[in-house]
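Shown next: run-v9.cif, containing mmCIF, C-alpha atoms.
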data_start
loop_
_atom_site.label_atom_id
_atom_site.label_comp_id
_atom_site.auth_asym_id
_atom_site.auth_seq_id
_atom_site.Cartn_x
_atom_site.Cartn_y
_atom_site.Cartn_z
CA ASP A 286 70.40 8.18 12.62
CA THR A 287 69.54 8.08 16.30
CA SER A 288 66.96 10.84 15.86
CA ILE A 289 65.19 8.85 13.15
CA SER A 290 65.19 5.68 15.27
CA GLU A 291 63.93 7.60 18.30
CA PHE A 292 61.20 9.14 16.14
CA PHE A 293 59.93 5.72 15.01
CA ASN A 294 60.17 4.24 18.50
CA SER A 295 58.21 7.09 20.10
CA LEU A 296 55.26 6.74 17.73
CA PRO A 297 52.17 5.16 19.31
CA LEU A 298 52.36 1.38 19.03
CA SER A 299 49.43 1.25 16.56
CA VAL A 300 51.35 3.60 14.21
CA SER A 301 54.83 2.10 14.69
CA GLU A 302 53.52 -1.42 14.05
CA ASN A 303 52.53 -0.20 10.58
CA ALA A 304 55.62 2.00 10.08
CA GLU A 305 56.86 -0.37 7.39
CA LYS A 306 53.86 0.67 5.24
CA SER A 307 54.17 4.41 5.87
CA ASN A 308 54.38 7.06 3.17
CA LEU A 309 56.57 9.25 5.35
CA CYS A 310 59.52 10.86 3.53
CA ILE A 311 62.81 11.42 5.37
CA LEU A 312 65.76 13.37 4.00
CA PRO A 313 69.04 12.34 5.68
CA ILE A 314 71.14 15.46 6.18
CA PRO A 315 74.53 14.64 7.73
CA MET A 316 74.95 16.76 10.84
CA GLY A 317 77.01 15.99 13.93
CA THR A 318 78.70 12.60 14.24
CA GLY A 319 77.74 9.16 13.01
CA ASN A 320 75.50 9.72 10.00
CA ALA A 321 75.61 6.05 9.03
CA TRP A 322 72.53 6.21 6.88
CA ALA A 323 73.41 9.49 5.16
CA SER A 324 77.01 8.49 4.41
CA SER A 325 75.90 5.05 3.18
CA LEU A 326 73.61 6.89 0.74
CA SER A 327 76.51 9.21 -0.28
CA HIS A 328 75.01 12.23 1.49
CA VAL A 329 78.20 13.59 3.05
CA ASN A 330 77.70 17.35 2.87
CA PRO A 331 74.61 18.92 4.50
CA ILE A 332 74.53 21.89 2.10
CA GLU A 333 74.80 19.67 -0.99
CA SER A 334 72.18 17.25 0.39
CA PHE A 335 69.69 20.03 1.06
CA GLY A 336 70.52 21.66 -2.28
CA SER A 337 69.82 18.39 -4.09
CA TYR A 338 66.50 18.17 -2.28
CA ILE A 339 65.51 21.76 -3.13
CA GLY A 340 66.72 21.28 -6.73
CA GLY A 341 64.61 18.15 -7.14
CA SER A 342 67.51 15.89 -8.06
CA LEU A 343 66.89 13.40 -5.22
CA ARG A 344 64.59 10.49 -5.88
CA LEU A 345 62.27 8.98 -3.32
CA SER A 346 63.24 5.49 -2.23
CA SER A 347 61.58 3.26 0.28
CA PHE A 348 63.82 1.89 3.00
CA PRO A 349 63.41 -1.16 5.17
CA LEU A 350 62.48 -1.03 8.83
CA TYR A 351 62.99 -3.94 11.18
CA ARG A 352 61.46 -4.82 14.51
CA ALA A 353 63.44 -6.57 17.23
CA LEU A 354 61.25 -8.54 19.62
CA PHE A 355 62.58 -9.47 23.05
CA PRO A 356 61.52 -12.34 25.34
CA ASN A 357 59.83 -9.85 27.74
CA ASN A 358 57.54 -8.70 24.85
CA TYR A 359 59.43 -5.41 24.48
CA SER A 360 60.15 -4.40 20.91
CA ILE A 361 62.02 -1.66 19.07
CA VAL A 362 62.07 -0.53 15.47
CA PHE A 363 65.49 -0.22 13.84
CA PHE A 364 66.62 0.49 10.31
CA ILE A 365 70.41 0.76 10.33
CA ILE A 366 71.90 -1.39 13.04
CA PHE A 367 70.93 -3.45 16.02
CA SER A 368 73.98 -4.00 18.17
CA LEU A 369 75.07 -5.61 21.39
CA GLY A 370 78.38 -5.68 23.23
CA PHE A 371 81.13 -3.24 22.35
CA HIS A 372 79.22 -1.16 19.78
CA ALA A 373 76.11 -0.71 21.92
CA ASN A 374 78.23 0.21 24.94
CA LEU A 375 80.25 2.65 22.82
CA LEU A 376 77.15 4.52 21.69
CA HIS A 377 75.84 4.66 25.24
CA ALA A 378 79.17 5.83 26.70
CA CYS A 379 79.46 8.59 24.08
CA GLU A 380 76.22 10.14 25.34
CA ASP A 381 78.09 11.34 28.45
CA PRO A 382 77.71 15.16 28.44
CA GLU A 383 81.45 15.63 29.08
CA LEU A 384 82.38 13.43 26.12
CA LYS A 385 79.77 15.00 23.79
CA LYS A 386 81.69 18.29 23.97
CA ILE A 387 84.74 16.63 22.39
CA GLY A 388 83.25 15.65 19.00
CA THR A 389 84.36 12.50 17.18
CA GLU A 390 87.42 12.08 19.43
CA ARG A 391 84.93 10.98 22.12
CA PHE A 392 84.55 7.62 20.37
CA LYS A 393 88.24 6.84 20.89
CA MET A 394 88.12 7.91 24.55
CA ALA A 395 84.95 5.92 25.23
CA ALA A 396 86.36 2.88 23.41
CA GLN A 397 89.47 2.87 25.59
CA LYS A 398 87.32 2.99 28.72
CA ILE A 399 85.07 0.17 27.50
CA LEU A 400 88.00 -2.06 26.55
CA GLN A 401 89.58 -1.55 29.97
CA GLU A 402 86.52 -1.66 32.24
CA TYR A 403 83.61 -3.53 30.63
CA ASP A 404 82.89 -7.25 30.47
CA LEU A 405 82.50 -7.81 26.73
CA ARG A 406 81.56 -11.48 26.79
CA LEU A 407 78.15 -11.86 25.17
CA ASP A 408 76.83 -15.38 24.62
CA ILE A 409 74.41 -15.58 21.69
CA SER A 410 72.45 -18.68 20.72
CA VAL A 411 70.17 -19.08 17.72
CA GLY A 412 68.85 -22.60 17.39
CA GLN A 413 71.87 -24.92 17.55
CA PHE A 414 74.28 -22.08 16.73
CA SER A 415 76.03 -20.64 19.77
CA ASN A 416 79.07 -18.38 20.18
CA SER A 417 80.51 -15.75 22.48
CA TYR A 418 81.00 -12.23 21.11
CA ALA A 419 82.54 -8.97 22.26
CA TYR A 420 80.96 -7.08 19.34
CA PHE A 421 77.76 -8.26 17.69
CA ALA A 422 75.70 -6.29 15.18
CA ILE A 423 72.94 -6.88 12.68
CA ILE A 424 73.45 -4.19 10.06
CA ASN A 425 72.07 -3.01 6.71
CA THR A 426 74.32 -0.01 5.94
CA THR A 427 77.79 0.02 4.48
CA ASN A 428 79.04 2.82 6.74
CA LEU A 429 78.68 3.62 10.42
CA GLU A 430 80.83 6.72 9.99
CA GLN A 431 82.01 8.21 6.70
CA THR A 432 85.37 6.40 7.04
CA TYR A 433 84.23 3.36 9.09
CA ILE A 434 82.84 0.85 6.59
CA PRO A 435 82.19 -2.39 8.51
CA SER A 436 79.70 -3.92 6.07
CA PRO A 437 80.68 -3.01 2.48
CA LEU A 438 78.18 -5.45 0.93
CA SER A 439 75.19 -3.90 2.72
CA ASP A 440 72.70 -1.63 0.98
CA PRO A 441 70.55 0.63 3.20
CA LEU A 442 67.69 0.55 0.67
CA LYS A 443 67.47 -3.26 0.42
CA PRO A 444 65.66 -5.32 3.05
CA GLU A 445 68.59 -7.57 3.92
CA LEU A 446 70.64 -7.69 7.08
CA HIS A 447 74.25 -8.70 7.57
CA ILE A 448 75.77 -10.07 10.77
CA LEU A 449 78.97 -8.56 12.03
CA GLY A 450 80.54 -10.26 15.02
CA TYR A 451 83.89 -10.31 16.75
CA SER A 452 84.70 -13.13 19.15
CA SER A 453 85.01 -12.40 22.85
CA GLY A 454 88.24 -14.41 22.64
CA LEU A 455 89.98 -11.56 20.78
CA SER A 456 92.53 -9.55 22.69
CA THR A 457 91.58 -5.92 23.35
CA GLU A 458 94.29 -4.86 20.88
CA LYS A 459 92.76 -6.91 18.06
CA LEU A 460 89.23 -5.88 18.97
#
Go through the file and emit its structure as structure tokens.
Amino acid sequence: DTSISEFFNSLPLSVSENAEKSNLCILPIPMGTGNAWASSLSHVNPIESFGSYIGGSLRLSSFPLYRALFPNNYSIVFFIIFSLGFHANLLHACEDPELKKIGTERFKMAAQKILQEYDLRLDISVGQFSNSYAYFAIINTTNLEQTYIPSPLSDPLKPELHILGYSSGLSTEKL
């Protein structure tokens, strides 16, 4: 998932601005950890996914891309999740080379550190709507991991986003 996002975001601006109209084909093969997009599309085994591709049993489907624009005119392309607070910090913390060696257990270790040491109060305002969140995500996939299904009504092939937010007033145990 991250590799695909990094690919789109490292394209020249003239290409990435038109990425939504691209004819580029991407086969999600679940390797490593995460695999939100692949597991949301029921691609859970890399050998079976590649075999289905070679055997011609996979169909091409377009998928939505989104662009987040920031007040400083910076923008990024995303297609699975755009997150702030706990989730974004978790992904960043798990990039630590010492934690990467551990595999999926690193998420638990990083989460404990974040809950103990980070300020997870994020004030978000949209028009007259305002709230404080510890975890805020805009998401279009059902799964973020094969067994972590935070947005079961999402469909990674439909251009709709769902908001997932947990109040900053939650205790760390509930969060």
* Enumerate, as a PyMOL selection string, the residues matched when the PyMOL selection byres ((chain A and resi 326) around 12) is run on the file above. => chain A and resi 312-315+320-325+327-330+334+343-344+346+348+365+425-431+439-443
* To do: Please identify all polymer residues within 6 Å of region 445-450 of chain A, counting all atoms listed in the file, omitting same-chain residues fewer than 2 positions from it, and present them as a ChimeraX atom specification.
  => /A:420-425,443
* To do: Identify, on the basis of only C-alpha atoms, every residue whose closest approach to Asn416 (chain A) does not exceed 12 Å; exclude the query and any residue fewer than 5 positions from it along the same chain; express the result as a ChimeraX atom specification.
  => /A:406-411,421,450-454
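The nearest approach to Asp404 (chain A) among the residues A:Tyr351, A:Phe392, A:Phe371, A:Phe335, with all atoms listed in the file taken into account, belongs to A:Phe371.
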* **Selection result for the PyMOL selection byres ((chain A and resi 352) around 8) on this file, as a PyMOL selection string** => chain A and resi 350-351+353-354+360-363
* To do: Could you tell me which residues the PyMOL selection byres ((chain A and resi 399) around 10) returns for this structure, as a PyMOL selection string?
  => chain A and resi 370-372+374-375+378+393-398+400-405+457
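Between CA of Pro331 (chain A) and CA of His377 (chain A) there is a distance of 25.2 Å.
Taking CA of Ser290 (chain A) and CA of Phe367 (chain A) as endpoints, the distance between them is 10.8 Å.
Here CA of Met316 (chain A) is placed at a distance of 12.8 Å from CA of Ile289 (chain A).
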